[in-house]
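This is my_file_23.cif. It holds mmCIF, C-alpha atoms.
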data_structure
#
loop_
_atom_site.label_atom_id
_atom_site.label_comp_id
_atom_site.auth_asym_id
_atom_site.auth_seq_id
_atom_site.Cartn_x
_atom_site.Cartn_y
_atom_site.Cartn_z
CA MET A 1 -17.29 -11.48 27.84
CA ASN A 2 -20.13 -8.94 28.12
CA ILE A 3 -18.71 -5.44 28.00
CA LYS A 4 -21.86 -3.99 29.61
CA SER A 5 -21.18 -5.94 32.81
CA LEU A 6 -17.67 -4.47 32.91
CA ALA A 7 -18.79 -0.85 32.62
CA PRO A 8 -19.11 -0.19 36.41
CA ILE A 9 -15.66 -1.71 37.01
CA LEU A 10 -14.15 0.31 34.18
CA LEU A 11 -15.72 3.51 35.50
CA LEU A 12 -14.25 2.89 38.96
CA LEU A 13 -10.86 2.21 37.44
CA VAL A 14 -10.72 5.38 35.40
CA LEU A 15 -12.20 7.49 38.21
CA GLY A 16 -9.52 6.11 40.50
CA GLY A 17 -6.94 7.04 37.91
CA ALA A 18 -8.31 10.55 37.68
CA ALA A 19 -8.19 10.94 41.44
CA TYR A 20 -4.58 9.85 41.46
CA TYR A 21 -3.68 12.35 38.75
CA PHE A 22 -5.34 15.23 40.53
CA THR A 23 -3.99 14.49 44.01
CA GLN A 24 -0.51 13.27 43.18
CA THR A 25 0.73 14.91 39.98
CA ASP A 26 -0.53 18.49 39.85
CA GLY A 27 -2.26 17.74 36.58
CA LYS A 28 0.62 15.86 34.96
CA ALA A 29 0.62 12.16 34.21
CA ASN A 30 3.01 10.11 36.32
CA ASN A 31 5.61 7.71 34.99
CA ASN A 32 3.92 4.36 35.52
CA PRO A 33 6.54 1.77 36.48
CA ASP A 34 4.36 -0.99 35.01
CA GLU A 35 4.36 0.71 31.60
CA ASP A 36 0.60 0.30 31.18
CA TRP A 37 0.78 2.46 28.08
CA VAL A 38 2.56 -0.36 26.21
CA MET A 39 -0.47 -1.88 24.50
CA LYS A 40 1.04 -3.28 21.33
CA VAL A 41 2.06 -6.88 20.66
CA GLU A 42 5.42 -6.69 18.92
CA ASN A 43 5.27 -9.85 16.78
CA LYS A 44 2.13 -10.54 14.75
CA GLU A 45 3.09 -14.23 14.57
CA ASP A 46 2.45 -14.42 18.31
CA ILE A 47 -1.19 -13.47 17.80
CA HIS A 48 -3.64 -16.35 17.37
CA ARG A 49 -6.95 -14.88 18.47
CA ILE A 50 -8.49 -11.41 18.69
CA PHE A 51 -11.74 -10.74 20.53
CA ILE A 52 -13.58 -7.43 20.07
CA ALA A 53 -16.80 -6.54 21.93
CA ASP A 54 -18.86 -3.35 21.66
CA ARG A 55 -21.39 -1.88 24.06
CA LYS A 56 -24.33 -2.91 21.84
CA GLY A 57 -23.61 -6.59 22.42
CA GLY A 58 -21.77 -7.10 19.13
CA LYS A 59 -18.69 -9.27 19.02
CA ALA A 60 -15.97 -10.23 16.58
CA ASP A 61 -14.13 -13.38 17.62
CA LEU A 62 -11.26 -13.84 15.17
CA VAL A 63 -9.23 -17.04 15.23
CA ARG A 64 -6.16 -17.83 13.14
CA ASP A 65 -6.57 -20.83 10.82
CA GLY A 66 -3.32 -21.32 8.94
CA ASP A 67 -2.90 -18.29 6.71
CA LYS A 68 -6.56 -17.28 7.16
CA TRP A 69 -8.65 -15.87 9.98
CA ILE A 70 -12.14 -17.09 10.85
CA TYR A 71 -14.78 -14.62 12.03
CA ASN A 72 -17.15 -15.83 14.78
CA ASP A 73 -16.47 -19.47 13.88
CA LYS A 74 -18.49 -18.97 10.69
CA TYR A 75 -16.89 -16.93 7.89
CA THR A 76 -13.44 -16.29 6.49
CA ALA A 77 -12.41 -12.81 7.59
CA ASN A 78 -11.62 -10.17 4.99
CA PRO A 79 -7.79 -10.23 4.68
CA PHE A 80 -7.59 -6.46 4.07
CA VAL A 81 -9.59 -5.77 7.23
CA MET A 82 -7.45 -8.27 9.14
CA HIS A 83 -4.33 -6.47 7.92
CA ASN A 84 -5.66 -3.20 9.34
CA VAL A 85 -6.51 -4.59 12.76
CA MET A 86 -3.20 -6.47 12.97
CA ASP A 87 -1.41 -3.29 11.97
CA ALA A 88 -3.12 -1.47 14.84
CA ILE A 89 -2.36 -4.18 17.39
CA THR A 90 1.33 -4.41 16.46
CA ARG A 91 2.09 -0.71 15.94
CA ILE A 92 -0.01 1.13 18.53
CA GLU A 93 2.05 3.70 20.44
CA LEU A 94 1.64 6.25 23.20
CA LYS A 95 0.94 9.69 21.71
CA ASN A 96 0.77 11.58 24.98
CA ARG A 97 -0.20 11.34 28.61
CA PRO A 98 -3.21 13.54 29.22
CA ALA A 99 -3.27 16.73 31.21
CA ALA A 100 -5.57 16.80 34.22
CA SER A 101 -8.07 18.98 32.38
CA ALA A 102 -8.53 16.33 29.70
CA ILE A 103 -9.13 13.41 32.02
CA PRO A 104 -12.86 13.97 32.78
CA HIS A 105 -13.69 13.85 29.04
CA MET A 106 -11.57 10.74 28.59
CA ILE A 107 -13.28 9.09 31.54
CA ASN A 108 -16.68 9.89 30.09
CA THR A 109 -15.93 8.40 26.67
CA LEU A 110 -14.16 5.34 28.06
CA SER A 111 -17.00 4.57 30.46
CA THR A 112 -19.81 5.07 27.94
CA GLN A 113 -18.44 4.52 24.42
CA SER A 114 -15.53 2.11 24.71
CA THR A 115 -14.85 -1.09 22.80
CA LYS A 116 -13.14 -4.00 24.58
CA VAL A 117 -10.20 -5.65 22.81
CA GLU A 118 -8.49 -8.85 23.92
CA VAL A 119 -5.46 -10.28 22.13
CA TYR A 120 -4.46 -13.91 22.67
CA GLY A 121 -1.43 -15.99 21.82
CA ARG A 122 -1.04 -19.74 21.58
CA ASN A 123 -3.16 -21.93 23.87
CA ASN A 124 -5.52 -18.98 24.36
CA LYS A 125 -2.98 -17.14 26.51
CA LEU A 126 -4.07 -13.52 27.06
CA LEU A 127 -1.40 -11.14 25.75
CA LYS A 128 -3.16 -7.76 25.99
CA ALA A 129 -6.58 -6.48 27.01
CA TYR A 130 -7.64 -2.85 26.73
CA TYR A 131 -10.53 -0.48 26.10
CA VAL A 132 -10.70 1.83 23.08
CA GLY A 133 -12.71 5.03 23.56
CA GLY A 134 -13.22 8.35 21.82
CA VAL A 135 -10.81 10.53 19.91
CA THR A 136 -8.99 13.80 20.42
CA PRO A 137 -10.41 16.95 18.76
CA ASP A 138 -7.99 16.57 15.82
CA GLU A 139 -8.96 12.86 15.53
CA ARG A 140 -5.29 11.86 15.49
CA GLY A 141 -5.31 10.37 18.97
CA THR A 142 -7.57 7.78 20.59
CA PHE A 143 -8.45 7.50 24.28
CA MET A 144 -7.48 4.07 25.66
CA ILE A 145 -6.87 2.31 28.93
CA MET A 146 -5.30 -1.05 29.71
CA GLU A 147 -7.50 -3.47 31.58
CA GLY A 148 -6.52 -3.40 35.26
CA SER A 149 -4.89 0.03 34.96
CA ASN A 150 -5.93 3.32 36.55
CA ASN A 151 -4.40 5.46 33.84
CA PRO A 152 -6.03 6.48 30.54
CA TYR A 153 -3.77 7.50 27.67
CA VAL A 154 -3.92 9.04 24.22
CA MET A 155 -2.70 6.42 21.76
CA HIS A 156 -2.06 6.53 18.01
CA LEU A 157 -0.51 4.81 15.01
CA PRO A 158 2.76 6.54 14.08
CA MET A 159 2.75 8.00 10.55
CA ALA A 160 -0.98 7.36 10.17
CA ASP A 161 -3.61 10.05 10.75
CA VAL A 162 -6.42 7.66 11.61
CA SER A 163 -8.60 6.95 14.60
CA LEU A 164 -7.71 3.64 16.18
CA LYS A 165 -11.36 3.08 17.03
CA GLN A 166 -12.09 2.74 13.30
CA ARG A 167 -9.94 -0.40 13.29
CA TYR A 168 -11.93 -2.20 16.00
CA PHE A 169 -15.50 -3.07 15.04
CA THR A 170 -17.82 -6.09 15.21
CA GLU A 171 -20.25 -5.83 12.25
CA GLU A 172 -20.42 -9.06 10.24
CA ILE A 173 -20.90 -7.37 6.88
CA LYS A 174 -17.62 -5.46 7.34
CA TRP A 175 -15.62 -8.49 8.44
CA ARG A 176 -16.66 -11.02 5.81
CA ASP A 177 -14.27 -11.83 3.00
CA LYS A 178 -15.45 -10.51 -0.39
CA THR A 179 -13.43 -13.00 -2.42
CA VAL A 180 -15.56 -14.73 -5.07
CA PHE A 181 -12.86 -16.89 -6.71
CA GLN A 182 -9.46 -17.87 -5.32
CA PHE A 183 -7.70 -20.86 -6.81
CA GLU A 184 -4.79 -21.82 -9.06
CA ALA A 185 -4.75 -23.78 -12.31
CA LYS A 186 -2.89 -26.68 -10.69
CA ASP A 187 -5.87 -27.35 -8.39
CA VAL A 188 -8.50 -27.51 -11.15
CA ALA A 189 -9.95 -30.69 -12.64
CA SER A 190 -12.49 -28.88 -14.82
CA ILE A 191 -14.33 -25.60 -15.18
CA SER A 192 -17.45 -24.77 -17.17
CA LEU A 193 -19.10 -21.51 -18.15
CA GLU A 194 -22.71 -21.57 -19.26
CA TYR A 195 -24.27 -18.56 -20.96
CA PRO A 196 -28.03 -19.37 -20.96
CA LYS A 197 -28.78 -16.74 -23.61
CA GLN A 198 -25.67 -17.45 -25.71
CA LYS A 199 -25.25 -21.20 -25.65
CA ASN A 200 -22.71 -21.18 -28.48
CA LYS A 201 -20.36 -19.17 -26.22
CA SER A 202 -20.55 -21.76 -23.42
CA PHE A 203 -17.62 -24.11 -22.85
CA THR A 204 -15.96 -26.56 -20.52
CA ILE A 205 -12.25 -26.96 -19.82
CA GLN A 206 -11.03 -30.35 -18.62
CA ARG A 207 -7.63 -31.49 -17.48
CA LYS A 208 -6.11 -34.12 -19.76
CA ASN A 209 -2.91 -35.35 -18.13
CA ARG A 210 -0.52 -32.40 -18.56
CA SER A 211 -2.69 -30.42 -20.97
CA TRP A 212 -6.21 -29.07 -21.25
CA ASP A 213 -9.14 -29.97 -23.46
CA VAL A 214 -11.71 -27.29 -24.36
CA GLU A 215 -15.12 -28.41 -25.56
CA PRO A 216 -18.44 -26.68 -26.24
CA LEU A 217 -20.79 -27.11 -23.29
CA PHE A 218 -23.78 -27.89 -25.50
CA GLN A 219 -23.91 -30.49 -28.27
CA THR A 220 -25.73 -28.00 -30.49
CA THR A 221 -22.52 -25.94 -30.73
CA LYS A 222 -20.18 -26.90 -33.55
CA LYS A 223 -16.82 -28.08 -32.25
CA ASN A 224 -13.83 -25.98 -33.23
CA ASP A 225 -11.26 -28.10 -35.11
CA LYS A 226 -8.36 -25.67 -34.63
CA PRO A 227 -5.59 -26.58 -32.14
CA ILE A 228 -6.23 -25.50 -28.55
CA ASN A 229 -3.86 -22.78 -27.41
CA GLN A 230 -2.62 -24.26 -24.12
CA ASP A 231 -0.97 -21.00 -23.09
CA LEU A 232 -4.31 -19.21 -23.41
CA VAL A 233 -5.99 -21.83 -21.23
CA GLU A 234 -3.31 -21.47 -18.56
CA SER A 235 -3.53 -17.70 -18.74
CA TYR A 236 -7.30 -17.86 -18.34
CA LEU A 237 -7.15 -20.17 -15.32
CA ASN A 238 -4.38 -18.15 -13.70
CA GLY A 239 -6.77 -15.20 -13.70
CA PHE A 240 -8.74 -16.86 -10.89
CA LYS A 241 -5.99 -16.53 -8.26
CA ARG A 242 -8.04 -13.90 -6.46
CA ILE A 243 -11.09 -12.05 -7.76
CA ILE A 244 -12.93 -9.84 -5.30
CA ALA A 245 -16.47 -8.49 -5.23
CA GLU A 246 -17.34 -4.87 -4.68
CA ALA A 247 -19.51 -5.75 -1.67
CA ILE A 248 -21.44 -8.48 0.10
CA GLU A 249 -25.16 -7.81 -0.15
CA THR A 250 -28.25 -8.75 1.81
CA LYS A 251 -31.73 -9.15 0.36
CA ASN A 252 -32.88 -5.84 -1.12
CA GLU A 253 -34.78 -4.50 -4.12
CA THR A 254 -31.75 -4.57 -6.43
CA VAL A 255 -30.96 -8.17 -5.50
CA GLU A 256 -34.57 -9.29 -5.89
CA THR A 257 -34.93 -7.60 -9.28
CA ALA A 258 -31.66 -9.00 -10.64
CA THR A 259 -32.12 -12.58 -9.42
CA SER A 260 -35.67 -12.73 -10.79
CA SER A 261 -34.21 -12.51 -14.31
CA LYS A 262 -32.25 -15.11 -16.29
CA GLU A 263 -28.60 -15.60 -15.39
CA PHE A 264 -26.00 -14.03 -17.60
CA CYS A 265 -23.44 -16.68 -16.72
CA ILE A 266 -23.07 -19.76 -14.51
CA VAL A 267 -19.53 -20.70 -13.50
CA GLU A 268 -18.89 -24.14 -12.05
CA VAL A 269 -15.49 -25.42 -10.95
CA LEU A 270 -14.55 -28.98 -10.04
CA PHE A 271 -11.31 -29.21 -8.10
CA LYS A 272 -8.88 -32.11 -8.01
CA ASP A 273 -9.92 -32.89 -4.42
CA ASP A 274 -13.53 -33.42 -5.67
CA THR A 275 -14.86 -30.22 -4.08
CA ARG A 276 -16.95 -27.87 -6.20
CA GLN A 277 -17.77 -24.20 -6.49
CA LYS A 278 -20.70 -22.74 -8.38
CA VAL A 279 -21.48 -19.06 -8.88
CA ASN A 280 -24.47 -17.63 -10.76
CA PHE A 281 -24.15 -14.13 -12.22
CA PHE A 282 -27.30 -12.05 -12.74
CA PRO A 283 -27.02 -8.79 -14.71
CA ILE A 284 -28.19 -5.57 -13.11
CA LEU A 285 -30.07 -4.08 -16.03
CA LYS A 286 -30.72 -0.39 -16.48
CA PHE A 287 -34.39 0.50 -16.74
CA THR A 288 -36.38 3.58 -17.71
CA GLU A 289 -39.99 3.41 -16.56
CA GLY A 290 -39.72 -0.37 -16.27
CA VAL A 291 -38.24 -0.87 -19.74
CA ASP A 292 -34.75 -2.33 -20.27
CA THR A 293 -32.64 0.44 -21.82
CA GLY A 294 -30.24 -2.04 -23.45
CA LEU A 295 -27.24 -0.14 -22.06
CA PRO A 296 -24.09 -2.12 -21.25
CA VAL A 297 -24.17 -3.99 -17.94
CA GLU A 298 -21.72 -2.57 -15.41
CA ARG A 299 -22.53 -4.78 -12.42
CA TYR A 300 -23.85 -8.23 -11.57
CA ILE A 301 -25.39 -9.86 -8.56
CA ALA A 302 -23.43 -13.06 -7.99
CA VAL A 303 -24.79 -15.84 -5.80
CA ASP A 304 -22.58 -18.77 -4.82
CA ASP A 305 -23.55 -22.24 -3.64
CA LYS A 306 -23.34 -21.07 -0.02
CA LYS A 307 -26.04 -18.48 -0.80
CA THR A 308 -23.60 -15.61 -0.34
CA ILE A 309 -24.75 -12.60 -2.36
CA PHE A 310 -22.04 -10.44 -3.95
CA MET A 311 -22.14 -7.16 -5.83
CA THR A 312 -19.62 -7.56 -8.65
CA GLN A 313 -18.26 -5.24 -11.33
CA GLN A 314 -17.95 -6.04 -15.03
CA LEU A 315 -14.61 -4.21 -15.02
CA VAL A 316 -13.22 -6.69 -12.46
CA PHE A 317 -14.87 -9.88 -13.74
CA LYS A 318 -14.61 -9.33 -17.50
CA ASP A 319 -11.66 -11.73 -17.74
CA VAL A 320 -13.81 -14.50 -16.25
CA PHE A 321 -16.42 -14.19 -18.99
CA TRP A 322 -14.52 -15.75 -21.87
CA ALA A 323 -16.24 -17.49 -24.80
CA TYR A 324 -15.58 -20.88 -26.39
CA GLU A 325 -13.83 -19.47 -29.46
CA PHE A 326 -11.27 -17.53 -27.38
CA PHE A 327 -9.09 -20.62 -26.74
CA PHE A 328 -8.13 -21.41 -30.35
#
Just give me the structure of the file as structure tokens.
Amino acid sequence: MNIKSLAPILLLLVLGGAAYYFTQTDGKANNNPDEDWVMKVENKEDIHRIFIADRKGGKADLVRDGDKWIYNDKYTANPFVMHNVMDAITRIELKNRPAASAIPHMINTLSTQSTKVEVYGRNNKLLKAYYVGGVTPDERGTFMIMEGSNNPYVMHLPMADVSLKQRYFTEEIKWRDKTVFQFEAKDVASISLEYPKQKNKSFTIQRKNRSWDVEPLFQTTKKNDKPINQDLVESYLNGFKRIIAEAIETKNETVETATSSKEFCIVEVLFKDDTRQKVNFFPILKFTEGVDTGLPVERYIAVDDKKTIFMTQQLVFKDVFWAYEFFF
């Protein structure tokens, strides 16, 4: 739905509401028998789709897929961002009904700066539809109006001093999930780590019935004859349950510079269902007048097999970068 085409209708609705306030209530909001200030959906399990549209033509169409949400039928949505928007939808409350003097400003922001939000249940049944506008001077309240209503209200999240409008946005880069790895040991058939500049550190782990075999990745590396510590292998693989990047990147100078160099590490996982995941890590080197300073690497550009570009931190990913000798 194009929010621009709804602007004239919205303006008429809120102007009609203002006229009603001024002529019927002496500047005080009436008690609406339809309770059009009740904008929350009580049970988050009832929500199966959320559609957000801004006045610039942006949209975020979020559809539940099991325990995940899909953004614009393309990417997995960031679970932390989804938590925030679901929190807003299920906890939004009336803060106050505006005085007559405040209505013109509310009308202006709702008619020129609002974001449309539609919340659907099963079978695409519309549960709520409303417009989110500007904020009060203290930024603790947000101007909103239910679709089909004449009455704007100041809404808020109880016990949270945040603008509700910050929860409803459409930008792809903000919605995309930043998870690089997310799997459990029980789902892995094998995993290999290749260090192009340190081949003797490279290794592969393969499932052998109920245990694991660890081998050097390259034949030039001498095989370790000590017993494999199975607990260490399990501990290592359990570290992949969820590892998150600092950010998702687009092509820029930092990305171009990093990916033009040799990889620091290449991680490739084969799962028991025969699917694969491959991620290449490129170090972001520190330079002075074009010369590598040799200082420790703090971040990497990681590129997966879907061509997603991540900014990752050594502090977060250090437990991925094990070496062959660590498992004995």
Note to self: Using the chain letters and numbers from this file, what does the PyMOL selection byres ((chain A and resi 234-251) around 10) select? Give the answer as number ranges by chain.
What the structure shows: A: 173-174, 176-186, 188, 191, 205, 211-212, 229-233, 252-256, 299-303, 308-313, 316-317, 319-322, 326-327
Just-selected residues, C-alpha atoms written as a PDB file, in the coordinates of the input:
ATOM      1  CA  ILE A 173     -20.900  -7.370   6.880  1.00  0.00           C
ATOM      2  CA  LYS A 174     -17.620  -5.460   7.340  1.00  0.00           C
ATOM      3  CA  ARG A 176     -16.660 -11.020   5.810  1.00  0.00           C
ATOM      4  CA  ASP A 177     -14.270 -11.830   3.000  1.00  0.00           C
ATOM      5  CA  LYS A 178     -15.450 -10.510  -0.390  1.00  0.00           C
ATOM      6  CA  THR A 179     -13.430 -13.000  -2.420  1.00  0.00           C
ATOM      7  CA  VAL A 180     -15.560 -14.730  -5.070  1.00  0.00           C
ATOM      8  CA  PHE A 181     -12.860 -16.890  -6.710  1.00  0.00           C
ATOM      9  CA  GLN A 182      -9.460 -17.870  -5.320  1.00  0.00           C
ATOM     10  CA  PHE A 183      -7.700 -20.860  -6.810  1.00  0.00           C
ATOM     11  CA  GLU A 184      -4.790 -21.820  -9.060  1.00  0.00           C
ATOM     12  CA  ALA A 185      -4.750 -23.780 -12.310  1.00  0.00           C
ATOM     13  CA  LYS A 186      -2.890 -26.680 -10.690  1.00  0.00           C
ATOM     14  CA  VAL A 188      -8.500 -27.510 -11.150  1.00  0.00           C
ATOM     15  CA  ILE A 191     -14.330 -25.600 -15.180  1.00  0.00           C
ATOM     16  CA  ILE A 205     -12.250 -26.960 -19.820  1.00  0.00           C
ATOM     17  CA  SER A 211      -2.690 -30.420 -20.970  1.00  0.00           C
ATOM     18  CA  TRP A 212      -6.210 -29.070 -21.250  1.00  0.00           C
ATOM     19  CA  ASN A 229      -3.860 -22.780 -27.410  1.00  0.00           C
ATOM     20  CA  GLN A 230      -2.620 -24.260 -24.120  1.00  0.00           C
ATOM     21  CA  ASP A 231      -0.970 -21.000 -23.090  1.00  0.00           C
ATOM     22  CA  LEU A 232      -4.310 -19.210 -23.410  1.00  0.00           C
ATOM     23  CA  VAL A 233      -5.990 -21.830 -21.230  1.00  0.00           C
ATOM     24  CA  ASN A 252     -32.880  -5.840  -1.120  1.00  0.00           C
ATOM     25  CA  GLU A 253     -34.780  -4.500  -4.120  1.00  0.00           C
ATOM     26  CA  THR A 254     -31.750  -4.570  -6.430  1.00  0.00           C
ATOM     27  CA  VAL A 255     -30.960  -8.170  -5.500  1.00  0.00           C
ATOM     28  CA  GLU A 256     -34.570  -9.290  -5.890  1.00  0.00           C
ATOM     29  CA  ARG A 299     -22.530  -4.780 -12.420  1.00  0.00           C
ATOM     30  CA  TYR A 300     -23.850  -8.230 -11.570  1.00  0.00           C
ATOM     31  CA  ILE A 301     -25.390  -9.860  -8.560  1.00  0.00           C
ATOM     32  CA  ALA A 302     -23.430 -13.060  -7.990  1.00  0.00           C
ATOM     33  CA  VAL A 303     -24.790 -15.840  -5.800  1.00  0.00           C
ATOM     34  CA  THR A 308     -23.600 -15.610  -0.340  1.00  0.00           C
ATOM     35  CA  ILE A 309     -24.750 -12.600  -2.360  1.00  0.00           C
ATOM     36  CA  PHE A 310     -22.040 -10.440  -3.950  1.00  0.00           C
ATOM     37  CA  MET A 311     -22.140  -7.160  -5.830  1.00  0.00           C
ATOM     38  CA  THR A 312     -19.620  -7.560  -8.650  1.00  0.00           C
ATOM     39  CA  GLN A 313     -18.260  -5.240 -11.330  1.00  0.00           C
ATOM     40  CA  VAL A 316     -13.220  -6.690 -12.460  1.00  0.00           C
ATOM     41  CA  PHE A 317     -14.870  -9.880 -13.740  1.00  0.00           C
ATOM     42  CA  ASP A 319     -11.660 -11.730 -17.740  1.00  0.00           C
ATOM     43  CA  VAL A 320     -13.810 -14.500 -16.250  1.00  0.00           C
ATOM     44  CA  PHE A 321     -16.420 -14.190 -18.990  1.00  0.00           C
ATOM     45  CA  TRP A 322     -14.520 -15.750 -21.870  1.00  0.00           C
ATOM     46  CA  PHE A 326     -11.270 -17.530 -27.380  1.00  0.00           C
ATOM     47  CA  PHE A 327      -9.090 -20.620 -26.740  1.00  0.00           C
TER      48      PHE A 327
END
Check: If we count only C-alpha atoms, what is near Ala88 of chain A at a cut-off of 9 Å, once residues fewer than 4 positions away on the same chain are taken out, given as a PyMOL selection string?
Finding: chain A and resi 40+83-84+92+156-157+164+167-168
With C-alpha atoms retained, could you export that selection as a PDB file, in the frame of the given file?
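And here's result11.pdb as it stands now:
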ATOM      1  CA  LYS A  40       1.040  -3.280  21.330  1.00  0.00           C
ATOM      2  CA  HIS A  83      -4.330  -6.470   7.920  1.00  0.00           C
ATOM      3  CA  ASN A  84      -5.660  -3.200   9.340  1.00  0.00           C
ATOM      4  CA  ILE A  92      -0.010   1.130  18.530  1.00  0.00           C
ATOM      5  CA  HIS A 156      -2.060   6.530  18.010  1.00  0.00           C
ATOM      6  CA  LEU A 157      -0.510   4.810  15.010  1.00  0.00           C
ATOM      7  CA  LEU A 164      -7.710   3.640  16.180  1.00  0.00           C
ATOM      8  CA  ARG A 167      -9.940  -0.400  13.290  1.00  0.00           C
ATOM      9  CA  TYR A 168     -11.930  -2.200  16.000  1.00  0.00           C
TER      10      TYR A 168
END
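The spacing separating atom CA of Phe218 of chain A from atom CA of Arg276 of chain A amounts to 20.5 Å.
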Next item on the list: May I have the residues within 10 Å of Val135 of chain A as an MDAnalysis selection string, using all atoms listed in the file and disregarding those fewer than 5 positions away in the same chain?
Entry: chainID A and resid 106 109 140:144 154:156 162:165
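Atom CA of Asn150 of chain A to atom CA of Asp61 of chain A spans 26.5 Å [interatomic distance, one decimal].
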Notebook entry, point to check: Within 9 Å of (-4.0, -3.5, 28.4), all atoms listed in the file: residues as a ChimeraX atom specification?
Noted result: /A:36-40,117-118,127-131,144-149
Margin query: Could you check the closest approach to Phe80 of chain A for each of A:Lys68, A:Lys222, A:Phe203, A:Asn151 and tell me which residue wins, using all atoms listed in the file?
Written below: A:Lys68
